[in-house]
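Listing of start.pdb; format and content: PDB, C-alpha atoms.
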```
ATOM      1  CA  MET A 107       1.578  51.170  21.521
ATOM      2  CA  ALA A 108      -1.088  49.788  23.824
ATOM      3  CA  THR A 109      -2.310  47.565  21.011
ATOM      4  CA  VAL A 110       1.191  46.266  20.312
ATOM      5  CA  HIS A 111       1.606  45.498  24.016
ATOM      6  CA  GLN A 112      -1.434  43.224  23.746
ATOM      7  CA  THR A 113      -0.096  41.342  20.727
ATOM      8  CA  GLN A 114       1.258  38.282  22.520
ATOM      9  CA  PRO A 115      -1.779  37.746  24.802
ATOM     10  CA  THR A 116      -4.023  38.123  21.754
ATOM     11  CA  ILE A 117      -1.962  35.566  19.817
ATOM     12  CA  GLN A 118      -2.310  33.115  22.689
ATOM     13  CA  LEU A 119      -6.062  33.649  22.697
ATOM     14  CA  LEU A 120      -6.293  33.054  18.959
ATOM     15  CA  LEU A 121      -4.207  29.892  19.179
ATOM     16  CA  SER A 122      -6.387  28.551  21.974
ATOM     17  CA  THR A 123      -9.216  28.389  19.424
ATOM     18  CA  SER A 124      -6.926  27.212  16.581
ATOM     19  CA  GLU A 125      -7.244  30.529  14.748
ATOM     20  CA  PHE A 126      -3.907  30.033  13.043
ATOM     21  CA  VAL A 127      -4.454  32.477  10.186
ATOM     22  CA  GLY A 128      -5.633  35.190  12.569
ATOM     23  CA  ALA A 129      -2.570  34.714  14.766
ATOM     24  CA  LEU A 130      -0.220  34.765  11.777
ATOM     25  CA  ASP A 131      -1.883  37.860  10.339
ATOM     26  CA  LEU A 132      -1.538  39.613  13.689
ATOM     27  CA  ILE A 133       2.171  38.753  13.812
ATOM     28  CA  SER A 134       2.649  40.077  10.288
ATOM     29  CA  THR A 135       0.785  43.313  11.026
ATOM     30  CA  THR A 136       2.673  43.870  14.274
ATOM     31  CA  GLN A 137       6.026  43.259  12.586
ATOM     32  CA  GLU A 138       5.103  45.852   9.986
ATOM     33  CA  VAL A 139       4.159  48.408  12.647
ATOM     34  CA  LEU A 140       7.397  47.744  14.559
ATOM     35  CA  SER A 141       9.522  48.297  11.448
ATOM     36  CA  GLN A 142       7.691  51.397  10.236
ATOM     37  CA  GLU A 143       6.167  53.277  13.165
ATOM     38  CA  LEU A 144       7.850  52.102  16.372
ATOM     39  CA  VAL A 145      11.484  51.994  15.340
ATOM     40  CA  GLY A 146      13.834  52.697  18.263
ATOM     41  CA  ILE A 147      11.285  52.122  21.044
ATOM     42  CA  GLN A 148      13.306  50.353  23.743
ATOM     43  CA  SER A 149      10.370  48.510  25.287
ATOM     44  CA  PHE A 150       9.774  46.771  21.945
ATOM     45  CA  ARG A 151      13.379  46.016  21.015
ATOM     46  CA  HIS A 152      12.969  42.247  21.585
ATOM     47  CA  LEU A 153       9.379  41.917  20.393
ATOM     48  CA  GLY A 154      10.254  41.441  16.736
ATOM     49  CA  SER A 155      12.508  38.450  17.377
ATOM     50  CA  GLN A 156       9.976  37.029  19.845
ATOM     51  CA  LEU A 157       7.223  37.237  17.240
ATOM     52  CA  ALA A 158       9.470  35.543  14.675
ATOM     53  CA  GLU A 159       9.978  32.651  17.069
ATOM     54  CA  ILE A 160       6.254  32.453  17.759
ATOM     55  CA  GLU A 161       5.591  32.298  14.021
ATOM     56  CA  LYS A 162       7.976  29.349  13.689
ATOM     57  CA  LEU A 163       6.213  27.656  16.583
ATOM     58  CA  ILE A 164       2.798  28.196  14.974
ATOM     59  CA  ASP A 165       4.102  26.779  11.704
ATOM     60  CA  LYS A 166       5.210  23.622  13.519
ATOM     61  CA  MET A 167       1.919  23.434  15.445
ATOM     62  CA  ILE A 168      -0.118  23.553  12.230
ATOM     63  CA  GLN A 169       1.815  20.718  10.604
ATOM     64  CA  GLU A 170       1.668  18.548  13.708
ATOM     65  CA  ASP A 171      -2.050  19.236  14.100
ATOM     66  CA  PHE A 172      -2.704  18.152  10.523
ATOM     67  CA  THR A 173      -0.803  14.897  11.002
ATOM     68  CA  ARG A 174      -2.862  14.193  14.115
ATOM     69  CA  TYR A 175      -6.047  15.086  12.281
ATOM     70  CA  ALA A 176      -5.254  12.747   9.371
ATOM     71  CA  GLY A 177      -4.600   9.860  11.746
ATOM     72  CA  GLU A 178      -7.780  10.451  13.732
ATOM     73  CA  ASP A 179      -9.840  10.853  10.582
ATOM     74  CA  LEU A 180      -8.609   7.792   8.711
ATOM     75  CA  ASN A 181      -8.571   5.411  11.681
ATOM     76  CA  ARG A 182     -12.271   5.815  12.407
ATOM     77  CA  PRO A 183     -14.748   2.984  11.696
ATOM     78  CA  THR A 184     -15.414   2.849   7.956
ATOM     79  CA  ASP A 185     -19.166   3.269   8.392
ATOM     80  CA  GLU A 186     -18.703   6.818   9.728
ATOM     81  CA  LEU A 187     -19.156   8.617   6.420
ATOM     82  CA  PHE A 188     -19.292  12.197   7.708
ATOM     83  CA  VAL A 189     -16.289  14.514   7.375
ATOM     84  CA  PHE A 190     -14.362  14.418  10.633
ATOM     85  CA  GLU A 191     -14.288  17.814  12.431
ATOM     86  CA  GLU A 192     -14.722  19.816   9.245
ATOM     87  CA  ASP A 193     -14.160  23.223  10.881
ATOM     88  CA  ARG A 194     -10.901  22.030  12.407
ATOM     89  CA  LEU A 195      -9.735  20.710   9.038
ATOM     90  CA  SER A 196     -10.594  23.980   7.286
ATOM     91  CA  THR A 197      -8.712  26.004   9.882
ATOM     92  CA  ILE A 198      -5.623  23.816   9.625
ATOM     93  CA  ILE A 199      -5.565  23.895   5.807
ATOM     94  CA  LEU A 200      -5.991  27.669   5.741
ATOM     95  CA  GLY A 201      -3.074  27.982   8.145
ATOM     96  CA  MET A 202      -0.870  25.770   5.996
ATOM     97  CA  LEU A 203      -1.806  27.684   2.859
ATOM     98  CA  ARG A 204      -1.071  30.947   4.679
ATOM     99  CA  GLN A 205       2.436  29.611   5.346
ATOM    100  CA  HIS A 206       2.744  28.074   1.878
ATOM    101  CA  ARG A 207       3.166  24.640   3.395
ATOM    102  CA  PHE A 208       1.774  22.493   0.607
ATOM    103  CA  ASN A 209       3.092  19.151   1.860
ATOM    104  CA  PHE A 210      -0.205  18.371   3.615
ATOM    105  CA  LEU A 211      -1.317  16.376   0.566
ATOM    106  CA  GLU A 212       1.762  14.157   0.836
ATOM    107  CA  VAL A 213       0.998  13.564   4.511
ATOM    108  CA  TYR A 214      -2.613  12.705   3.741
ATOM    109  CA  ARG A 215      -1.543  10.414   0.905
ATOM    110  CA  GLU A 216       0.717   8.387   3.208
ATOM    111  CA  GLU A 217      -1.867   8.214   5.984
ATOM    112  CA  SER A 218      -4.598   7.197   3.516
ATOM    113  CA  ALA A 219      -2.469   4.448   1.985
ATOM    114  CA  THR A 220      -1.757   3.103   5.473
ATOM    115  CA  ALA A 221      -5.477   3.205   6.261
ATOM    116  CA  ILE A 222      -6.331   1.257   3.091
ATOM    117  CA  LYS A 223      -3.863  -1.489   4.028
ATOM    118  CA  ALA A 224      -5.266  -1.569   7.563
ATOM    119  CA  VAL A 225      -8.862  -1.864   6.339
ATOM    120  CA  VAL A 226      -7.998  -4.838   4.135
ATOM    121  CA  LYS A 227      -6.098  -6.611   6.899
ATOM    122  CA  GLN A 228      -8.698  -5.938   9.587
ATOM    123  CA  THR A 229     -11.531  -7.092   7.352
ATOM    124  CA  VAL A 230      -9.704 -10.357   6.656
ATOM    125  CA  VAL A 231      -8.958 -10.862  10.361
ATOM    126  CA  ASN A 232     -12.553 -10.202  11.370
ATOM    127  CA  TYR A 233     -14.043 -12.501   8.748
ATOM    128  CA  VAL A 234     -11.628 -15.413   9.167
ATOM    129  CA  SER A 235     -12.280 -15.366  12.906
ATOM    130  CA  THR A 236     -16.003 -15.907  12.281
ATOM    131  CA  VAL A 237     -15.549 -18.922  10.005
ATOM    132  CA  ASP A 238     -15.419 -22.000  12.201
ATOM    133  CA  ASP A 239     -15.577 -24.713   9.536
ATOM    134  CA  ILE A 240     -12.404 -24.025   7.570
ATOM    135  CA  GLY A 241     -10.580 -26.857   9.324
ATOM    136  CA  THR A 242      -6.877 -27.133  10.042
ATOM    137  CA  ASP A 243      -3.897 -28.360   8.093
ATOM    138  CA  ASN A 244      -0.629 -29.253   9.743
ATOM    139  CA  ASN A 245       1.236 -28.389   6.556
ATOM    140  CA  LEU A 246       0.119 -24.794   6.729
ATOM    141  CA  GLY A 247       1.452 -22.120   9.030
ATOM    142  CA  SER A 248      -0.608 -19.845  11.178
ATOM    143  CA  SER A 249      -0.194 -16.654   9.134
ATOM    144  CA  LEU A 250      -3.229 -14.689   8.071
ATOM    145  CA  ALA A 251      -2.624 -15.606   4.416
ATOM    146  CA  ASP A 252      -2.476 -19.295   5.354
ATOM    147  CA  GLN A 253      -5.758 -19.037   7.232
ATOM    148  CA  MET A 254      -7.355 -17.238   4.296
ATOM    149  CA  ARG A 255      -6.288 -20.030   1.932
ATOM    150  CA  LEU A 256      -8.362 -22.478   3.986
ATOM    151  CA  LEU A 257     -11.536 -20.709   2.828
ATOM    152  CA  ASN A 258     -13.558 -22.330   0.085
ATOM    153  CA  PHE A 259     -14.646 -20.273  -2.907
ATOM    154  CA  ASN A 260     -17.974 -19.085  -1.504
ATOM    155  CA  GLN A 261     -16.355 -18.075   1.768
ATOM    156  CA  TRP A 262     -13.539 -16.273  -0.010
ATOM    157  CA  LEU A 263     -15.962 -14.462  -2.317
ATOM    158  CA  ILE A 264     -17.869 -13.193   0.718
ATOM    159  CA  LEU A 265     -14.557 -11.992   2.153
ATOM    160  CA  PHE A 266     -13.661 -10.201  -1.081
ATOM    161  CA  LEU A 267     -17.070  -8.493  -1.147
ATOM    162  CA  LEU A 268     -16.594  -7.342   2.456
ATOM    163  CA  VAL A 269     -13.127  -5.983   1.680
ATOM    164  CA  SER A 270     -14.321  -4.127  -1.412
ATOM    165  CA  GLU A 271     -17.331  -2.728   0.447
ATOM    166  CA  ASN A 272     -15.175  -1.389   3.290
ATOM    167  CA  LEU A 273     -12.668   0.074   0.845
ATOM    168  CA  VAL A 274     -15.397   1.893  -1.057
ATOM    169  CA  LEU A 275     -16.727   3.333   2.210
ATOM    170  CA  LEU A 276     -13.248   4.552   3.127
ATOM    171  CA  LEU A 277     -12.686   6.024  -0.342
ATOM    172  CA  LYS A 278     -16.045   7.842  -0.226
ATOM    173  CA  ARG A 279     -15.135   9.398   3.088
ATOM    174  CA  THR A 280     -11.678  10.282   1.824
ATOM    175  CA  LYS A 281     -13.184  11.993  -1.203
ATOM    176  CA  ALA A 282     -15.489  14.019   1.058
ATOM    177  CA  THR A 283     -12.457  15.150   3.064
ATOM    178  CA  LEU A 284     -10.554  16.075  -0.103
ATOM    179  CA  CYS A 285     -13.577  18.075  -1.256
ATOM    180  CA  VAL A 286     -13.393  20.119   1.958
ATOM    181  CA  MET A 287      -9.712  20.736   1.230
ATOM    182  CA  ARG A 288     -10.635  21.828  -2.299
ATOM    183  CA  ARG A 289     -13.179  24.305  -0.948
ATOM    184  CA  VAL A 290     -10.551  25.787   1.360
ATOM    185  CA  VAL A 291      -8.075  26.028  -1.521
ATOM    186  CA  ASP A 292     -10.718  27.863  -3.574
ATOM    187  CA  ILE A 293     -11.327  30.283  -0.710
ATOM    188  CA  ALA A 294      -7.595  30.876  -0.295
ATOM    189  CA  ALA A 295      -7.320  31.698  -4.009
ATOM    190  CA  GLY A 296     -10.519  33.722  -4.148
ATOM    191  CA  LYS A 297     -12.241  31.264  -6.500
ATOM    192  CA  ARG A 298     -15.690  29.801  -6.697
ATOM    193  CA  TYR A 299     -15.820  26.248  -5.385
ATOM    194  CA  GLN A 300     -15.743  23.506  -8.016
ATOM    195  CA  GLU A 301     -16.299  19.784  -7.492
ATOM    196  CA  LEU A 302     -13.270  17.527  -7.234
ATOM    197  CA  THR A 303     -13.180  16.082 -10.758
ATOM    198  CA  LEU A 304     -10.555  15.133 -13.307
ATOM    199  CA  THR A 305     -11.371  18.179 -15.426
ATOM    200  CA  VAL A 306      -8.388  20.510 -15.395
ATOM    201  CA  ASN A 307      -9.511  24.119 -15.444
ATOM    202  CA  ASP A 308      -7.352  27.053 -16.421
ATOM    203  CA  PRO A 309      -6.970  28.997 -13.147
ATOM    204  CA  SER A 310      -6.735  32.247 -15.065
ATOM    205  CA  THR A 311     -10.286  31.806 -16.354
ATOM    206  CA  ASP A 312     -11.879  31.215 -12.943
ATOM    207  CA  HIS A 313     -13.939  34.078 -11.582
ATOM    208  CA  ASP A 314     -12.595  35.689  -8.440
ATOM    209  CA  VAL A 315     -15.083  35.941  -5.602
ATOM    210  CA  LEU A 316     -13.015  38.012  -3.176
ATOM    211  CA  GLU A 317     -13.251  41.673  -4.058
ATOM    212  CA  ASN A 318     -11.453  42.769  -0.917
ATOM    213  CA  GLY A 319      -9.027  40.828   1.199
ATOM    214  CA  GLU A 320      -5.630  39.229   0.808
ATOM    215  CA  LEU A 321      -5.339  36.050  -1.249
ATOM    216  CA  LEU A 322      -3.273  33.336   0.394
ATOM    217  CA  ILE A 323      -2.116  31.607  -2.808
ATOM    218  CA  ASP A 324      -1.598  32.724  -6.390
ATOM    219  CA  ASN A 325      -3.004  31.211  -9.590
ATOM    220  CA  ILE A 326      -0.015  28.965 -10.232
ATOM    221  CA  GLU A 327      -0.136  27.511  -6.718
ATOM    222  CA  TYR A 328      -3.899  27.156  -7.006
ATOM    223  CA  GLY A 329      -3.626  25.189 -10.248
ATOM    224  CA  LYS A 330      -1.006  22.834  -8.827
ATOM    225  CA  LEU A 331      -3.035  22.200  -5.674
ATOM    226  CA  CYS A 332      -6.215  21.448  -7.630
ATOM    227  CA  THR A 333      -4.337  19.028  -9.879
ATOM    228  CA  ASN A 334      -2.675  17.339  -6.906
ATOM    229  CA  LEU A 335      -6.014  16.936  -5.127
ATOM    230  CA  ARG A 336      -7.516  15.225  -8.159
ATOM    231  CA  GLU A 337      -4.480  13.011  -8.641
ATOM    232  CA  LEU A 338      -4.461  12.056  -4.965
ATOM    233  CA  LEU A 339      -8.013  10.726  -5.215
ATOM    234  CA  CYS A 340      -7.094   8.730  -8.327
ATOM    235  CA  PHE A 341      -3.983   7.372  -6.631
ATOM    236  CA  LEU A 342      -5.985   6.159  -3.639
ATOM    237  CA  CYS A 343      -8.507   4.392  -5.878
ATOM    238  CA  ASP A 344      -5.639   2.764  -7.786
ATOM    239  CA  TYR A 345      -3.965   1.792  -4.524
ATOM    240  CA  ALA A 346      -7.172   0.183  -3.236
ATOM    241  CA  ASN A 347      -7.311  -1.854  -6.462
ATOM    242  CA  ASP A 348      -3.662  -2.862  -5.982
ATOM    243  CA  ARG A 349      -4.377  -4.121  -2.460
ATOM    244  CA  CYS A 350      -7.218  -6.236  -3.831
ATOM    245  CA  VAL A 351      -4.796  -7.669  -6.391
ATOM    246  CA  LYS A 352      -2.528  -8.723  -3.510
ATOM    247  CA  LEU A 353      -5.542 -10.325  -1.835
ATOM    248  CA  LEU A 354      -6.264 -12.223  -5.053
ATOM    249  CA  ILE A 355      -2.638 -13.318  -5.463
ATOM    250  CA  ALA A 356      -2.373 -14.427  -1.832
ATOM    251  CA  ARG A 357      -5.396 -16.700  -2.262
ATOM    252  CA  SER A 358      -4.284 -18.116  -5.619
ATOM    253  CA  LYS A 359      -0.880 -19.427  -4.502
ATOM    254  CA  ASP A 360      -2.219 -22.960  -4.045
ATOM    255  CA  GLY A 361      -3.830 -23.069  -7.498
ATOM    256  CA  PHE A 362      -7.144 -21.842  -6.106
ATOM    257  CA  LEU A 363      -8.124 -19.766  -9.142
ATOM    258  CA  GLU A 364      -7.177 -22.457 -11.630
ATOM    259  CA  LYS A 365      -9.642 -24.784  -9.935
ATOM    260  CA  LEU A 366     -12.628 -22.441 -10.303
ATOM    261  CA  SER A 367     -15.558 -23.517 -12.376
ATOM    262  CA  SER A 368     -16.738 -21.191 -15.146
ATOM    263  CA  ALA A 369     -19.720 -20.155 -12.983
ATOM    264  CA  GLU A 370     -17.456 -19.338 -10.034
ATOM    265  CA  PHE A 371     -15.134 -17.374 -12.285
ATOM    266  CA  VAL A 372     -18.094 -15.344 -13.581
ATOM    267  CA  ASN A 373     -19.205 -14.572 -10.014
ATOM    268  CA  LEU A 374     -15.700 -13.418  -9.122
ATOM    269  CA  SER A 375     -15.546 -11.326 -12.296
ATOM    270  CA  ARG A 376     -18.804  -9.592 -11.406
ATOM    271  CA  ALA A 377     -17.588  -8.802  -7.884
ATOM    272  CA  ILE A 378     -14.355  -7.329  -9.226
ATOM    273  CA  GLU A 379     -16.096  -5.359 -11.966
ATOM    274  CA  SER A 380     -18.494  -3.874  -9.422
ATOM    275  CA  PHE A 381     -15.615  -2.696  -7.229
ATOM    276  CA  VAL A 382     -13.714  -1.254 -10.185
ATOM    277  CA  ASN A 383     -16.841   0.601 -11.308
ATOM    278  CA  ASP A 384     -17.370   2.032  -7.817
ATOM    279  CA  CYS A 385     -13.797   3.351  -7.780
ATOM    280  CA  GLU A 386     -14.221   4.854 -11.230
ATOM    281  CA  SER A 387     -17.408   6.627 -10.181
ATOM    282  CA  LEU A 388     -15.503   8.198  -7.273
ATOM    283  CA  CYS A 389     -12.469   9.517  -9.113
ATOM    284  CA  GLY A 390     -13.487   9.543 -12.776
ATOM    285  CA  ARG A 391     -10.644   7.293 -13.885
ATOM    286  CA  ARG A 392     -10.676   3.544 -14.368
ATOM    287  CA  SER A 393      -8.119   1.515 -12.445
ATOM    288  CA  THR A 394      -6.572  -1.308 -14.460
ATOM    289  CA  SER A 395      -4.509  -3.476 -12.103
ATOM    290  CA  LEU A 396      -7.318  -5.586 -10.625
ATOM    291  CA  ARG A 397      -9.173  -6.094 -13.900
ATOM    292  CA  GLY A 398      -5.875  -6.836 -15.626
ATOM    293  CA  SER A 399      -5.062  -9.510 -13.078
ATOM    294  CA  LEU A 400      -8.486 -11.063 -13.554
ATOM    295  CA  GLN A 401      -8.192 -10.934 -17.352
ATOM    296  CA  ASN A 402      -4.858 -12.768 -17.204
ATOM    297  CA  GLN A 403      -6.484 -15.407 -15.063
ATOM    298  CA  GLY A 404      -9.403 -15.576 -17.484
ATOM    299  CA  ILE A 405      -7.046 -16.222 -20.405
ATOM    300  CA  PHE A 406      -5.353 -19.009 -18.427
ATOM    301  CA  LEU A 407      -8.719 -20.510 -17.500
ATOM    302  CA  SER A 408      -9.866 -20.390 -21.115
ATOM    303  CA  LYS A 409      -6.726 -22.259 -22.201
ATOM    304  CA  MET A 410      -7.329 -24.860 -19.518
ATOM    305  CA  ILE A 411     -10.929 -25.352 -20.645
ATOM    306  CA  PHE A 412      -9.876 -25.493 -24.294
ATOM    307  CA  SER A 413      -7.095 -27.983 -23.542
ATOM    308  CA  SER A 414      -9.443 -30.187 -21.544
ATOM    309  CA  THR A 415     -12.108 -30.087 -24.259
ATOM    310  CA  ALA A 416      -9.567 -30.784 -26.997
ATOM    311  CA  CYS A 417      -8.246 -33.791 -25.115
ATOM    312  CA  GLN A 418     -11.739 -35.177 -24.702
ATOM    313  CA  ILE A 419     -12.422 -34.778 -28.426
ATOM    314  CA  ALA A 420      -9.108 -36.389 -29.342
ATOM    315  CA  LEU A 421      -9.722 -39.381 -27.121
ATOM    316  CA  LYS A 422     -13.226 -39.736 -28.505
ATOM    317  CA  PHE A 423     -11.971 -39.942 -32.086
ATOM    318  CA  GLY A 424      -8.885 -41.973 -31.230
ATOM    319  CA  MET A 425      -6.394 -39.179 -32.004
ATOM    320  CA  ASN A 426      -2.906 -38.926 -30.478
ATOM    321  CA  VAL A 427      -3.087 -36.174 -27.858
ATOM    322  CA  LEU A 428       0.678 -35.546 -28.186
ATOM    323  CA  ASP A 429       0.267 -34.635 -31.853
ATOM    324  CA  MET A 430      -2.274 -31.888 -31.247
ATOM    325  CA  ASP A 431       0.102 -28.947 -30.648
TER     326      ASP A 431
END
```
Using structure tokens, write down the structure from this file.
Amino acid sequence: MATVHQTQPTIQLLLSTSEFVGALDLISTTQEVLSQELVGIQSFRHLGSQLAEIEKLIDKMIQEDFTRYAGEDLNRPTDELFVFEEDRLSTIILGMLRQHRFNFLEVYREESATAIKAVVKQTVVNYVSTVDDIGTDNNLGSSLADQMRLLNFNQWLILFLLVSENLVLLLKRTKATLCVMRRVVDIAAGKRYQELTLTVNDPSTDHDVLENGELLIDNIEYGKLCTNLRELLCFLCDYANDRCVKLLIARSKDGFLEKLSSAEFVNLSRAIESFVNDCESLCGRRSTSLRGSLQNQGIFLSKMIFSSTACQIALKFGMNVLDMD
């Protein structure tokens, strides 16, 4: 009875150090004791309902803490490659797994996508502000896209390289964070840690490493979480490619890409291929949107070159250009 009396102060102490799982386990144990050994004790008649309310509060605290963590983590400077407050992250994820709150990956997905958009925009803002020879044009507005379209090819290529570099840094850090989540998921399921890859393992064949102790998730939940972690990394790499496509489209609205020389087009192709390769090395799957956009432009450019060459040949030999189709 003395121990039960100390339950609430002990819970408060555990929560002060973010020991969510410990606090939840203590609530569960105390509820079991109340229902089996202390039935009818008047001094404890309200304790069960109080503990139930505290558990709901802890559940809400964990989810709010994770949302705060994701925002703080993803809004750091991109050159900070270390995992942000790894112990705090592990504690939060364990707490969410203990409560079977698996929506943390959806939260992290949304926050990561927002961070990717912000990195692209901030990189463009920072670079455009440093270019003082792009001139002005009264026919253009003052939007960021309009300012970007004042860049010549070499300036824009530098901008694209900066954007892709910052995105790769963010994706590397995101992968490191997801790997920490994967380790926690393995611990919760009693599995040996495996790298975050696209290989789908049969959870039933993994070797358990916890001989004693309660598992927080079962094999089915474990398999789904591992798959979702892998797919989240692939999604973020794809999304980063998609944002670069938008950057490419925004710059090409004034016929910019059609005016590139073959040498300039090759340089752009190399920059894009390098970024696509970096993303593939991170997630194990090749994104197609950015390369597809470039390939379409390449086909158009080839037709333009062919048409121009054909016209020159026709004029040289006195042929009717209109009869060449």
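Taking all atoms listed in the file, the non-local environment of Gly177 in chain A within 9 Å (same-chain residues fewer than 5 positions away omitted) comprises Phe172, Arg182, Tyr214, Glu217, Ser218 and Ala221 of chain A.
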Practice task
Spell out the residues picked by the PyMOL selection byres ((chain A and resi 331-337) around 12) here, as a PyMOL selection string.
Solution key: chain A and resi 199+203+206-212+214-215+280-292+294-295+297+299-309+323-330+338-345+388-391
Handout entry: Residues returned when the PyMOL selection byres ((chain A and resi 197) around 8) runs on this file, as a PyMOL selection string
Key = chain A and resi 124-127+193-196+198-201
Exercise for the section: Tell me, in Å to one decimal, how far CA of Asp384 in chain A is from CA of Thr173 in chain A. Expected result: 28.2 Å
Exercise for the section: Name the residues that the PyMOL selection byres ((chain A and resi 181) around 12) pulls out of this structure, and write them as a count of residues only. Expected result: 26
Report as a tab-separated table: every residue of range 187-234 of chain A with an atom at most 10 Å from range 352-373 of chain A, its closest pair of atoms, and their distance in Å to one decimal, counting all atoms listed in the file, with rows sorted by chain and ascending residue number.
```
residue	atom	partner	partner_atom	distance
A:Val226	CA	A:Leu353	CA	8.5
A:Lys227	CA	A:Leu353	CA	9.5
A:Val230	CA	A:Leu353	CA	9.5
```
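What separates CA of Ser387 in chain A from CA of Asn272 in chain A is a distance of 15.8 Å.
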Problem - Length of the CA of Leu263 in chain A to CA of Tyr233 in chain A vector [Å] - result: 11.4 Å
Problem - Spatial neighbours of Gly398 in chain A, max dist 12 Å, all atoms listed in the file, sep filter under 2 positions, as a list in words - result: Asn347, Asp348, Cys350, Val351, Leu354, Ser375, Ile378, Glu379, Val382, Arg392, Ser393, Thr394, Ser395, Leu396, Leu400, Gln401, Asn402, Gln403, Gly404 and Ile405 of chain A
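Considering all atoms listed in the file, the residue among A:Met167, A:Leu130, A:Leu187, A:Cys385 positioned nearest to Leu275 in chain A is A:Leu187.
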Given 4 Å on each side, where is the centre and what are the edge lengths in Å to one decimal of the axis-aligned box enclosing the listed atoms of range 206-223 of chain A, as JSON?
```
{"center_x": -1.6, "center_y": 13.3, "center_z": 3.4, "size_x": 17.5, "size_y": 37.6, "size_z": 13.7}
```
Please provide as an mmCIF file with C-alpha atoms, keeping the file's coordinate frame all residues within 12 Å of Ala158 in chain A, with the sequence filter that same-chain residues fewer than 3 positions apart are discarded (counting all atoms listed in the file).
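What follows is the written file result-v4.cif:
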```
data_model
loop_
_atom_site.group_PDB
_atom_site.id
_atom_site.type_symbol
_atom_site.label_atom_id
_atom_site.label_comp_id
_atom_site.auth_asym_id
_atom_site.auth_seq_id
_atom_site.Cartn_x
_atom_site.Cartn_y
_atom_site.Cartn_z
ATOM 1 C CA GLN A 114 1.258 38.282 22.520
ATOM 2 C CA LEU A 130 -0.220 34.765 11.777
ATOM 3 C CA LEU A 132 -1.538 39.613 13.689
ATOM 4 C CA ILE A 133 2.171 38.753 13.812
ATOM 5 C CA SER A 134 2.649 40.077 10.288
ATOM 6 C CA THR A 136 2.673 43.870 14.274
ATOM 7 C CA GLN A 137 6.026 43.259 12.586
ATOM 8 C CA HIS A 152 12.969 42.247 21.585
ATOM 9 C CA LEU A 153 9.379 41.917 20.393
ATOM 10 C CA GLY A 154 10.254 41.441 16.736
ATOM 11 C CA SER A 155 12.508 38.450 17.377
ATOM 12 C CA GLU A 161 5.591 32.298 14.021
ATOM 13 C CA LYS A 162 7.976 29.349 13.689
ATOM 14 C CA LEU A 163 6.213 27.656 16.583
ATOM 15 C CA ILE A 164 2.798 28.196 14.974
ATOM 16 C CA ASP A 165 4.102 26.779 11.704
#
```
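Between Ser380 in chain A and the residues A:Ser235, A:Gln156, A:Ser270, A:Gln205, the shortest atom-to-atom distance, using all atoms listed in the file, involves A:Ser270.
Shown here are all protein and nucleic acid residues lying within 10 Å of (-14.5, -16.4, 3.7), with all atoms listed in the file considered: Val230, Tyr233, Val234, Ser235, Thr236, Val237, Ile240, Gln253, Met254, Arg255, Leu256, Leu257, Asn258, Phe259, Asn260, Gln261, Trp262, Leu263, Ile264, Leu265, Phe266, Leu267 and Leu268 of chain A.
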